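**Q** Pasting in a structure now, in structure tokens, and then I'll have a few things to ask.
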Amino acid sequence: MNYDLPCGVLNTTYEKDIAIVRTKARWAWLCAGIFLSIVLPPLLGAHWLSWCIETCVVIVAVLGLYFVTGLCGQISLGQAGFMAVGAYSATFMMTHLGMSFWLVVPLASVITGIVAVIFGLPSLRVKGFYLAMATLASQHIIIWLITHPPFNRWSGGFDGMTVPAPQLGGFVFDTNQSLFYVTIITTWIMIFFAKNIGRTRVGRCFVSVRDSDLAASVLGINIFRYKLTAFYLAGIFAGVAGALYAPYIMRISPDSFNMEKSIWYLGMLVVGGSGSIVGAISGVIFIRLLLELTVIFGPSIQHVPFIGAYISNYLGGIVFGLVIILFLIFEPRGINHRWTIFKASFRHHPFSY
Amino acid sequence: MIFFWQMVLSGIMLGGVYSLVALGFVIIYKSTGVINFAQGQLLTIGAMVLWSFLVPLSLPFWAACLLSLGCMAIVGMLIERFCIRPMTGQPIMAVVVMTIGLSTFLDSLIPSVFGGVERAYPPLFPGGGIFFMGLSASYEYLLSFIMAILLVFIFLYFFHYTRKGIIMRAVADGHDIARSCGVRVGSIFSLSWVIACVSVTIGGFLLGSIESVTPALSSVAMLVFPVVILGGLDSVRGCIIAGPIVGAVQMLAIAYIDPITEGGAGDVIPYIIILLTLIFRPHGIFGQAHIERI
């Protein structure tokens, strides 16, 4: 996993060999990253603060997709649907059962994981495109179940539910400022988990299933079990993302978790580079920054003749689609690969390799 | 009972159009191995282009038809050349994501060019319908059903008995082998996208005249997925059987399940069909099960 390690890093102990962060420079980067991501956003103003919260939520959801699509190679078009399960089950437990937010997040994520496993069951017999269809179906079926009897008695149908603010002791997290800290800390914890799982036996098995499932099964890896584990992990991450997202938007409705969102998450993963954590995170940030730019520049473009007055509403989708197409043609391995190439060429500067 | 049969009949009629749209999908899959998620968007573009020729330019129907088919053929060629051909040799996942990206792109492009307004064709079919033993079928549905069936048979003939059709199947089997036998694989790819676009455009006309021409047509066309999964991804015959089945099940769900679940059953039942098919018969009714080797 450490193929991009600079030369001259020699392992003298086993602890050093299995450490997640290998060099001093990386420690510096990581600490600076954690510090800046916690301190900077509240200083940027209300708009960018909420942008950061949403980005964190999406990062957690896309990290779930990183397991099932990036590592295990199963296309999933249902991540937003699983997020809906997380958000709705969390809200249900908070409002109807009166449970604390801090207990609800892990519970909701486990529930979502189980739902994801149920919808991952077709992976027993099918793969590739067929599995994409199964997850697409799961997306539609989940949203339908939420909005129709018998579940709409609790979920409020198309109107949605109001989400109570999380509390810790006497402190109520009802501002974006306070929710931001909850979100960013959870996001860092989830990033750490994701990074670690990718290095374990489970993560290696995912990669072997992705690269050649037949060869993996010949080597004694239970493909079905690992595919379901991948779905379970995707569900866990989607559940956490949904449970974090609910108190931030304050009122959840099926529209927040539609098909389009699932497609966007997949696109973000692909643009970033599906096989790595850094790729998943950078893909989310890149696409969401682009979206922000389209929101800013959309209204000025619509005055250009021959483009049409409606363009500003749809510019986001157009740009997103184009970015996916261009990335797949010119850099199928995503932003992360470009970044690795850049780092390598910087390191070897006067020489080409 | 008459209500039941009426529902089945209108479902079968509706399913004819699904078959037609699914046909374009199957043709692309059969000859290039590409799974096209942008099928619904192509259908909408076809319907919109025909509308533009018919209403603002007020061309006669046959001229508008020919022109829009020609336009869509060019669109298909362009998509194949600039989006699909660079993906040759990439894993199937990359190609799927490519067509998903394409569908998102077109989905946003269509309303920004044509606007989100609902449009209607000038009446193409006579009103009224046929009444038989208490059942009724309107001319629009009947005509589109007949057209769909006719096209399916034409394509069936094409794939089995014409030189080009057999070449297309050979290309689907293996690009390299086909190439070494002297087939120009690139032009076959183009051809299959052109054919698919043409068939999907006809589907667009029919759906557009039954309902109305809006960007939302592309979501109706999501129903090709249950059809192709049930019929088998690589089977033209499967399309013709599965389309009416999906249509009929959908109509029955609307008639009998909707009152219990307060609506929406018609939208979700196709996806339940997908799940059940994948669990019990993953390759569909007529699809070929592939044996894998390392």
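Going through the structure tokens in order, the chains are called A, B, and so on, while each chain numbers its residues from 1 and the ligands are numbered from 1 in the order shown.
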Find the residues in chain B near chain A: any atom within 7 Å counts, using only C-alpha atoms. Write them as a VMD selection string.

**A** chain B and resid 86 to 87 93 98 101 to 102 104 to 105 108 to 109 112 to 113 115 261 to 262 268 271 to 272 274 to 275 278 to 279 282 294

**Q** Show me, as a list in words, the residues that have an atom within 7 Å of region 147-150 of chain B when counting only C-alpha atoms, minus same-chain residues fewer than 6 positions from it.

**A**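 The residues satisfying every condition are Gly16, Val17, Ser19 and Leu20 of chain B.
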
**Q** Just how far from CA of Leu276 (chain B) is CA of Tyr29 (chain B), in Å to one decimal?

**A**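 Straight-line distance from CA of Tyr29 (chain B) to CA of Leu276 (chain B) works out to 22.0 Å.
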
**Q** Counting only C-alpha atoms, what is within 6 Å of Phe231 (chain A), bar same-chain residues fewer than 4 positions away, as an MDAnalysis selection string?

**A** chainID A and resid 68 116:117

**Q** I need the residues from that last selection saved to file as a PDB file, in the first residue's frame (with C-alpha atoms), if you can.

**A**
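Written file, result.pdb:
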```
ATOM      1  CA  VAL A  68     -18.076  -1.075  -2.222  1.00  0.00           C
ATOM      2  CA  ALA A 116     -27.483  -2.387   2.778  1.00  0.00           C
ATOM      3  CA  VAL A 117     -26.654  -6.057   3.262  1.00  0.00           C
TER       4      VAL A 117
END
```

**Q** Name all residues at most 6 Å from region 205-222 of chain B (count only C-alpha atoms; drop same-chain ones fewer than 5 positions away) and give them as a list of chain:residue names.

**A**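 Within the cut-off, the hits are B:Gly40, B:Gln41, B:Thr44, B:Ala47, B:Glu118, B:Arg119, B:Ala120, B:Ser144.
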
**Q** With distances taken over only C-alpha atoms, which residue among B:Ala172, B:Ile188, B:Leu50, B:Met133 lies nearest Trp5 (chain B)?

**A**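 Under the stated criterion, the closest residue is B:Met133.
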
**Q** Provide the CA of Met168 (chain B) to CA of Ser31 (chain B) distance in Å, to one decimal place.

**A**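 One can read the CA of Met168 (chain B) to CA of Ser31 (chain B) distance as 5.1 Å.
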
**Q** Out of B:Pro60, B:Val117, B:Leu143, B:Phe189, which residue has the shortest atom-to-atom distance to Thr88 (chain B) when counting only C-alpha atoms?

**A**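 Selected residue with least distance to Thr88 (chain B): B:Phe189.
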
**Q** Using backbone DSSP assignments, extract all helix (DSSP H, G or I) residues from region 125-210 of chain B; output them as a PyMOL selection string.

**A** chain B and resi 139-161+163-173+175-180+185-210

**Q** Would you give me, as an MDAnalysis selection string, the residues in region 109-151 of chain B that DSSP reads as strand (DSSP E)?

**A** chainID B and resid 129:132 135:138

**Q** So, counting only C-alpha atoms, which residue among A:Arg288, A:Phe237, A:Gly120, A:Leu269 is closest to Thr187 (chain A)?

**A** A:Phe237

**Q** Kindly indicate which residue among B:Val228, B:Val185, B:Ile45, B:Ile28 lies nearest to Ile285 (chain B), using only C-alpha atoms for the distances.

**A**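 Under the stated criterion, the closest residue is B:Val228.
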
**Q** Can you pull out every residue within 8 Å of Val284 (chain A), counting only C-alpha atoms, but drop anything in the same chain fewer than 2 positions away, and send it as a list in words?

**A**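 Here the answer would be Thr55, Val58, Ile59, Val62, Tyr265, Met268, Leu269, Gly272, Ala280, Ile281, Ser282, Phe286, Ile287 and Arg288 of chain A.
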
**Q** Save the residues we just selected, N, CA, C and O atoms, as a PDB file, in the first residue's frame?

**A**
```
ATOM      1  N   THR A  55     -20.097  19.287   2.838  1.00  0.00           N
ATOM      2  CA  THR A  55     -18.982  18.570   2.224  1.00  0.00           C
ATOM      3  C   THR A  55     -18.517  17.425   3.117  1.00  0.00           C
ATOM      4  O   THR A  55     -18.252  16.320   2.633  1.00  0.00           O
ATOM      5  N   VAL A  58     -20.924  14.582   2.802  1.00  0.00           N
ATOM      6  CA  VAL A  58     -20.763  13.880   1.528  1.00  0.00           C
ATOM      7  C   VAL A  58     -19.481  13.049   1.546  1.00  0.00           C
ATOM      8  O   VAL A  58     -19.448  11.938   1.011  1.00  0.00           O
ATOM      9  N   ILE A  59     -18.436  13.580   2.188  1.00  0.00           N
ATOM     10  CA  ILE A  59     -17.185  12.811   2.256  1.00  0.00           C
ATOM     11  C   ILE A  59     -17.430  11.479   2.961  1.00  0.00           C
ATOM     12  O   ILE A  59     -17.000  10.423   2.490  1.00  0.00           O
ATOM     13  N   VAL A  62     -19.318   9.204   0.615  1.00  0.00           N
ATOM     14  CA  VAL A  62     -18.489   8.725  -0.501  1.00  0.00           C
ATOM     15  C   VAL A  62     -17.436   7.735  -0.007  1.00  0.00           C
ATOM     16  O   VAL A  62     -17.059   6.814  -0.728  1.00  0.00           O
ATOM     17  N   TYR A 265     -22.650  11.011  -6.032  1.00  0.00           N
ATOM     18  CA  TYR A 265     -21.632  10.442  -5.148  1.00  0.00           C
ATOM     19  C   TYR A 265     -20.707   9.528  -5.938  1.00  0.00           C
ATOM     20  O   TYR A 265     -19.482   9.575  -5.777  1.00  0.00           O
ATOM     21  N   MET A 268     -18.381  11.623  -7.973  1.00  0.00           N
ATOM     22  CA  MET A 268     -17.316  12.241  -7.174  1.00  0.00           C
ATOM     23  C   MET A 268     -16.201  11.245  -6.911  1.00  0.00           C
ATOM     24  O   MET A 268     -15.015  11.572  -6.999  1.00  0.00           O
ATOM     25  N   LEU A 269     -16.593  10.012  -6.599  1.00  0.00           N
ATOM     26  CA  LEU A 269     -15.595   8.976  -6.322  1.00  0.00           C
ATOM     27  C   LEU A 269     -14.739   8.722  -7.557  1.00  0.00           C
ATOM     28  O   LEU A 269     -13.508   8.623  -7.474  1.00  0.00           O
ATOM     29  N   GLY A 272     -12.333  11.609  -8.308  1.00  0.00           N
ATOM     30  CA  GLY A 272     -11.218  11.671  -7.375  1.00  0.00           C
ATOM     31  C   GLY A 272     -10.223  10.555  -7.575  1.00  0.00           C
ATOM     32  O   GLY A 272      -9.036  10.723  -7.346  1.00  0.00           O
ATOM     33  N   ALA A 280     -11.048   9.859  -2.867  1.00  0.00           N
ATOM     34  CA  ALA A 280     -12.457  10.080  -2.533  1.00  0.00           C
ATOM     35  C   ALA A 280     -12.664  11.479  -1.974  1.00  0.00           C
ATOM     36  O   ALA A 280     -13.569  12.209  -2.393  1.00  0.00           O
ATOM     37  N   ILE A 281     -11.774  11.877  -1.053  1.00  0.00           N
ATOM     38  CA  ILE A 281     -11.949  13.188  -0.413  1.00  0.00           C
ATOM     39  C   ILE A 281     -11.728  14.304  -1.420  1.00  0.00           C
ATOM     40  O   ILE A 281     -12.524  15.246  -1.521  1.00  0.00           O
ATOM     41  N   SER A 282     -10.650  14.179  -2.221  1.00  0.00           N
ATOM     42  CA  SER A 282     -10.367  15.278  -3.149  1.00  0.00           C
ATOM     43  C   SER A 282     -11.440  15.359  -4.232  1.00  0.00           C
ATOM     44  O   SER A 282     -11.777  16.454  -4.682  1.00  0.00           O
ATOM     45  N   PHE A 286     -13.391  18.727  -4.922  1.00  0.00           N
ATOM     46  CA  PHE A 286     -13.265  19.294  -6.263  1.00  0.00           C
ATOM     47  C   PHE A 286     -14.640  19.544  -6.889  1.00  0.00           C
ATOM     48  O   PHE A 286     -14.942  20.646  -7.351  1.00  0.00           O
ATOM     49  N   ILE A 287     -15.505  18.503  -6.868  1.00  0.00           N
ATOM     50  CA  ILE A 287     -16.816  18.651  -7.499  1.00  0.00           C
ATOM     51  C   ILE A 287     -17.648  19.691  -6.766  1.00  0.00           C
ATOM     52  O   ILE A 287     -18.328  20.517  -7.386  1.00  0.00           O
ATOM     53  N   ARG A 288     -17.577  19.695  -5.444  1.00  0.00           N
ATOM     54  CA  ARG A 288     -18.418  20.637  -4.710  1.00  0.00           C
ATOM     55  C   ARG A 288     -17.927  22.073  -4.899  1.00  0.00           C
ATOM     56  O   ARG A 288     -18.728  23.005  -4.934  1.00  0.00           O
TER      57      ARG A 288
END
```

**Q** Quick one: everything within 9 Å of region 6-22 of chain A, counting only C-alpha atoms, minus sequence neighbours fewer than 5 positions away in the same chain. Send it as a CSV table (one decimal) with C-alpha atoms, in the first residue's frame.

**A**
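Output contents, as saved in selection26.csv:
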```csv
chain,number,residue,atom,x,y,z
A,27,TRP,CA,2.6,13.9,10.2
A,30,LEU,CA,-1.9,15.5,8.7
A,195,LYS,CA,-8.0,4.2,5.9
A,196,ASN,CA,-7.4,1.5,8.4
A,199,ARG,CA,-5.1,-2.0,5.1
A,344,ALA,CA,6.9,12.0,-7.9
A,347,ARG,CA,10.7,14.6,-5.9
```

**Q** Find the residues near region 96-102 of chain A: any atom within 9 Å, counting only C-alpha atoms, skip ones fewer than 2 places away on the same chain, and give them as an mmCIF file with C-alpha atoms, in the first residue's frame.

**A**
```cif
data_model
loop_
_atom_site.group_PDB
_atom_site.id
_atom_site.type_symbol
_atom_site.label_atom_id
_atom_site.label_comp_id
_atom_site.auth_asym_id
_atom_site.auth_seq_id
_atom_site.Cartn_x
_atom_site.Cartn_y
_atom_site.Cartn_z
ATOM 1 C CA ALA A 90 -31.843 8.356 13.514
ATOM 2 C CA THR A 91 -34.649 10.893 13.512
ATOM 3 C CA PHE A 92 -37.204 8.235 14.385
ATOM 4 C CA MET A 93 -35.168 7.076 17.363
ATOM 5 C CA MET A 94 -34.672 10.651 18.538
ATOM 6 C CA VAL A 104 -28.498 7.166 17.831
ATOM 7 C CA VAL A 105 -25.632 7.695 15.381
ATOM 8 C CA PRO A 106 -24.006 4.272 15.875
ATOM 9 C CA TRP A 154 -43.723 7.690 11.249
ATOM 10 C CA ALA A 165 -31.144 19.279 17.789
ATOM 11 C CA PRO A 166 -28.530 17.041 19.433
ATOM 12 C CA GLN A 167 -27.754 17.713 23.091
ATOM 13 C CA LEU A 168 -24.736 17.023 25.264
ATOM 14 C CA ALA A 243 -27.466 10.769 10.847
#
```
